[in-house]
Each structure stands twice: as structure tokens, then as C-alpha cells.
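Asker: Dropping in input_21.cif, which is mmCIF, C-alpha atoms:
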data_input
#
loop_
_atom_site.label_atom_id
_atom_site.label_comp_id
_atom_site.auth_asym_id
_atom_site.auth_seq_id
_atom_site.Cartn_x
_atom_site.Cartn_y
_atom_site.Cartn_z
CA MET A 1 19.47 -7.76 -3.29
CA LEU A 2 16.04 -6.49 -4.24
CA THR A 3 15.99 -2.75 -4.77
CA MET A 4 12.96 -0.50 -4.65
CA HIS A 5 13.16 0.04 -8.42
CA SER A 6 13.33 -3.68 -9.17
CA PHE A 7 10.50 -4.38 -6.71
CA ILE A 8 8.26 -1.80 -8.37
CA THR A 9 9.17 -3.05 -11.84
CA GLN A 10 8.54 -6.70 -10.91
CA ASN A 11 5.19 -5.99 -9.24
CA THR A 12 3.53 -3.61 -11.68
CA GLN A 13 2.47 -3.77 -15.29
CA PRO A 14 4.77 -1.88 -17.71
CA GLU A 15 2.02 0.68 -18.44
CA THR A 16 1.38 1.40 -14.73
CA VAL A 17 1.74 5.03 -13.74
CA THR A 18 3.46 5.40 -10.36
CA TYR A 19 2.46 8.38 -8.21
CA THR A 20 5.17 9.46 -5.77
CA ASP A 21 6.41 12.36 -3.76
CA ASN A 22 9.67 14.01 -4.75
CA ASN A 23 11.89 11.63 -2.77
CA THR A 24 15.05 11.01 -4.81
CA ALA A 25 14.75 7.27 -4.19
CA TYR A 26 12.09 7.22 -6.92
CA SER A 27 14.23 9.03 -9.49
CA GLY A 28 14.59 7.12 -12.72
CA LEU A 29 11.27 5.27 -12.53
CA THR A 30 9.43 5.32 -15.82
CA ASN A 31 5.78 6.38 -16.04
CA ARG A 32 6.14 8.40 -12.85
CA GLU A 33 4.03 11.37 -11.76
CA VAL A 34 5.42 13.45 -8.90
CA VAL A 35 4.01 15.83 -6.31
CA ASN A 36 6.65 18.05 -4.77
CA HIS A 37 6.10 17.93 -1.01
CA SER A 38 9.18 20.07 -0.34
CA ALA A 39 7.48 22.88 -2.30
CA GLU A 40 4.26 22.26 -0.32
CA GLU A 41 2.58 20.66 -3.31
CA PHE A 42 0.51 17.73 -2.12
CA VAL A 43 -2.04 17.32 -4.92
CA ARG A 44 -1.89 18.21 -8.59
CA ARG A 45 -4.94 17.18 -10.61
CA MET A 46 -5.34 13.48 -9.72
CA ILE A 47 -1.71 13.10 -8.67
CA HIS A 48 -1.12 12.56 -4.96
CA ALA A 49 0.41 10.09 -2.57
CA ASN A 50 -2.25 10.50 0.14
CA GLU A 51 -3.69 6.99 -0.03
CA ILE A 52 -0.40 5.14 0.32
CA GLU A 53 0.72 7.52 3.07
CA SER A 54 -2.57 6.85 4.86
CA PHE A 55 -2.09 3.09 4.40
CA TRP A 56 1.41 3.12 5.96
CA SER A 57 0.25 5.38 8.78
CA MET A 58 -2.63 3.04 9.63
CA LEU A 59 -0.33 0.00 9.43
CA LYS A 60 2.06 1.66 11.91
CA ILE A 61 -0.86 2.40 14.24
CA SER A 62 -1.98 -1.25 13.99
CA HIS A 63 1.55 -2.35 14.82
CA THR A 64 1.52 -0.30 18.01
CA GLY A 65 -2.10 -0.88 19.01
CA THR A 66 -2.91 -4.38 17.82
CA PHE A 67 0.07 -6.45 16.79
CA HIS A 68 2.65 -4.91 19.16
CA ILE A 69 5.50 -6.93 17.67
CA MET A 70 5.91 -7.72 13.98
CA SER A 71 8.72 -10.11 13.27
CA HIS A 72 10.72 -9.52 10.12
CA LYS A 73 10.03 -13.15 9.19
CA GLN A 74 6.25 -12.60 9.27
CA LEU A 75 6.14 -8.97 8.10
CA GLU A 76 4.83 -9.89 4.64
CA ARG A 77 1.88 -11.69 6.24
CA TYR A 78 1.03 -8.69 8.42
CA VAL A 79 1.16 -6.36 5.44
CA PHE A 80 -0.96 -8.76 3.34
CA GLU A 81 -3.60 -9.05 6.10
CA PHE A 82 -3.69 -5.30 6.55
CA THR A 83 -3.90 -4.78 2.79
CA GLU A 84 -6.90 -7.10 2.56
CA CYS A 85 -8.68 -5.10 5.29
CA HIS A 86 -7.69 -1.76 3.80
CA ASN A 87 -9.02 -2.72 0.36
CA ILE A 88 -12.57 -3.20 1.66
CA LEU A 89 -12.82 -0.01 3.74
CA ASP A 90 -15.25 1.52 1.24
CA GLN A 91 -17.78 -1.21 2.08
CA ASP A 92 -20.24 -0.96 4.94
CA ALA A 93 -19.94 -3.49 7.80
CA ILE A 94 -22.26 -6.05 6.16
CA GLY A 95 -20.38 -5.76 2.87
CA GLN A 96 -17.03 -6.25 4.63
CA VAL A 97 -18.28 -9.36 6.42
CA GLY A 98 -19.62 -10.76 3.14
CA ILE A 99 -16.28 -10.24 1.40
CA ILE A 100 -14.34 -11.85 4.26
CA ILE A 101 -16.67 -14.88 4.34
CA ALA A 102 -16.41 -15.30 0.55
CA GLN A 103 -12.60 -15.11 0.72
CA ASN A 104 -12.48 -17.70 3.51
CA MET A 105 -14.81 -20.02 1.60
CA ARG A 106 -12.57 -19.80 -1.49
CA GLN A 107 -9.47 -20.53 0.59
CA ASN A 108 -11.07 -23.58 2.21
CA ASN A 109 -12.23 -25.14 -1.06
#
Kindly present the structure from the file in C-alpha cells form.

Answerer:
Amino acid sequence: MLTMHSFITQNTQPETVTYTDNNTAYSGLTNREVVNHSAEEFVRRMIHANEIESFWSMLKISHTGTFHIMSHKQLERYVFEFTECHNILDQDAIGQVGIIIAQNMRQNN
């Protein structure tokens, strides 16, 4: 069974710093920086979990508003598609379209 710790270890470089809240599920991770939400600490210097919390929140909204039903079998595909869209949010509309077209061209070649 894949645990959260093994998933994180398998999908990050050894030198990666992981930013988390104080949830005990993350205890024992190496290279971990923590913000203590239970003490109402949400940001310390550059340490925060706001972006990933925003990502999951937007994915949940997409589930309800767009996808309606996400099968467990296809969940990885939904998350991958949403990740691709989320990663280009800093682009304007023309930039987003250009990135999507370039990705599709690479996939079709």
C-alpha cells in the first residue's frame, strides 16, 4: 500500500523542501517546513500552504460544477487535467491558448 510518506518521497527530489501545515500525517518527513494553523499561523516568511489548499479547493469546485462525477478509476486523469490548467493560470488568455496548442501538437507528433 502506498503511504503519503512514500508517495512524497517517490515523487520529489531528495533536496525538495516540503511546505505543510501542522497535520501530524506529515510528521517525520525530511526537509519539511511547517506553518502551525492550529496556532493561527498561516504564513511565516515564504512558508505557507496557501497554493496547494487553493488548488484542492478549486478542484473540488470543478468536481461539483463541471465534472459532477469523478470515478476512482479516472481520478488521476482528472487531477492531471486540472493540474495542467492550474499551472498556466498566470498567463493571459492568449498565452494559455498558445500553451495548450503547443502541448496538443507535441502529443500528436

Asker: Give me the residues within 12 Å of segment 58-73 of chain A as a list in words, counting all atoms listed in the file and dropping any in the same chain fewer than 5 places off.

Answerer: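 Counting only the stated atoms, we get Glu51, Ile52, Glu53, Tyr78, Val79, Phe80, Glu81, Phe82, Thr83, Glu84, Cys85 and His86 of chain A.
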
Asker: Can you list, as a ChimeraX atom specification, every protein, DNA or RNA residue that comes within 12 Å of Glu15 of chain A when you count all atoms listed in the file, leaving out same-chain residues fewer than 6 positions away?

Answerer: /A:9,29-32

Asker: Applying 12 Å and all atoms listed in the file, which residues near Thr24 of chain A remain after dropping the ones on its own chain fewer than 4 positions away? List them as a ChimeraX atom specification.

Answerer: /A:4-5,20,28-29,34,36-38

Asker: Between A:Val17, A:Val97, A:Leu89, A:Ala102, which has the minimum distance to Phe55 of chain A (counting only C-alpha atoms)?

Answerer: A:Leu89

Asker: Please enclose the listed atoms of segment 36-52 of chain A in an axis-aligned box, pad each side by 4 Å, and write out the centre and the three edge lengths in Å, rounded to one decimal, as AutoDock Vina command-line options.

Answerer:
--center_x 1.9 --center_y 14.0 --center_z -5.1 --size_x 22.5 --size_y 25.7 --size_z 18.9

Asker: How would you write, as a PyMOL selection string, the residues chosen by the PyMOL selection byres ((chain A and resi 47) around 7) on this structure?

Answerer: chain A and resi 19+33+35+43-46+48

Asker: So how far away is atom CA of Tyr26 of chain A from atom CA of Ala39 of chain A, in Å?

Answerer: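 Atom-to-atom, atom CA of Ala39 of chain A and atom CA of Tyr26 of chain A are spaced 17.0 Å apart.
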
Asker: I'd like the interatomic distance between atom CA of Ile88 of chain A and atom CA of Ser54 of chain A, to a tenth of an Å.

Answerer: 14.5 Å

Asker: In Å, with one decimal, what is the gap from atom CA of Gln74 of chain A to atom CA of Ile101 of chain A?

Answerer: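 Between these atoms lies a distance of 23.6 Å.
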
Asker: Using only C-alpha atoms, find the one residue out of A:Thr12, A:Asn104, A:Phe7, A:Asp21 that sits nearest to Glu40 of chain A.

Answerer: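 The closest residue to Glu40 of chain A is A:Asp21.
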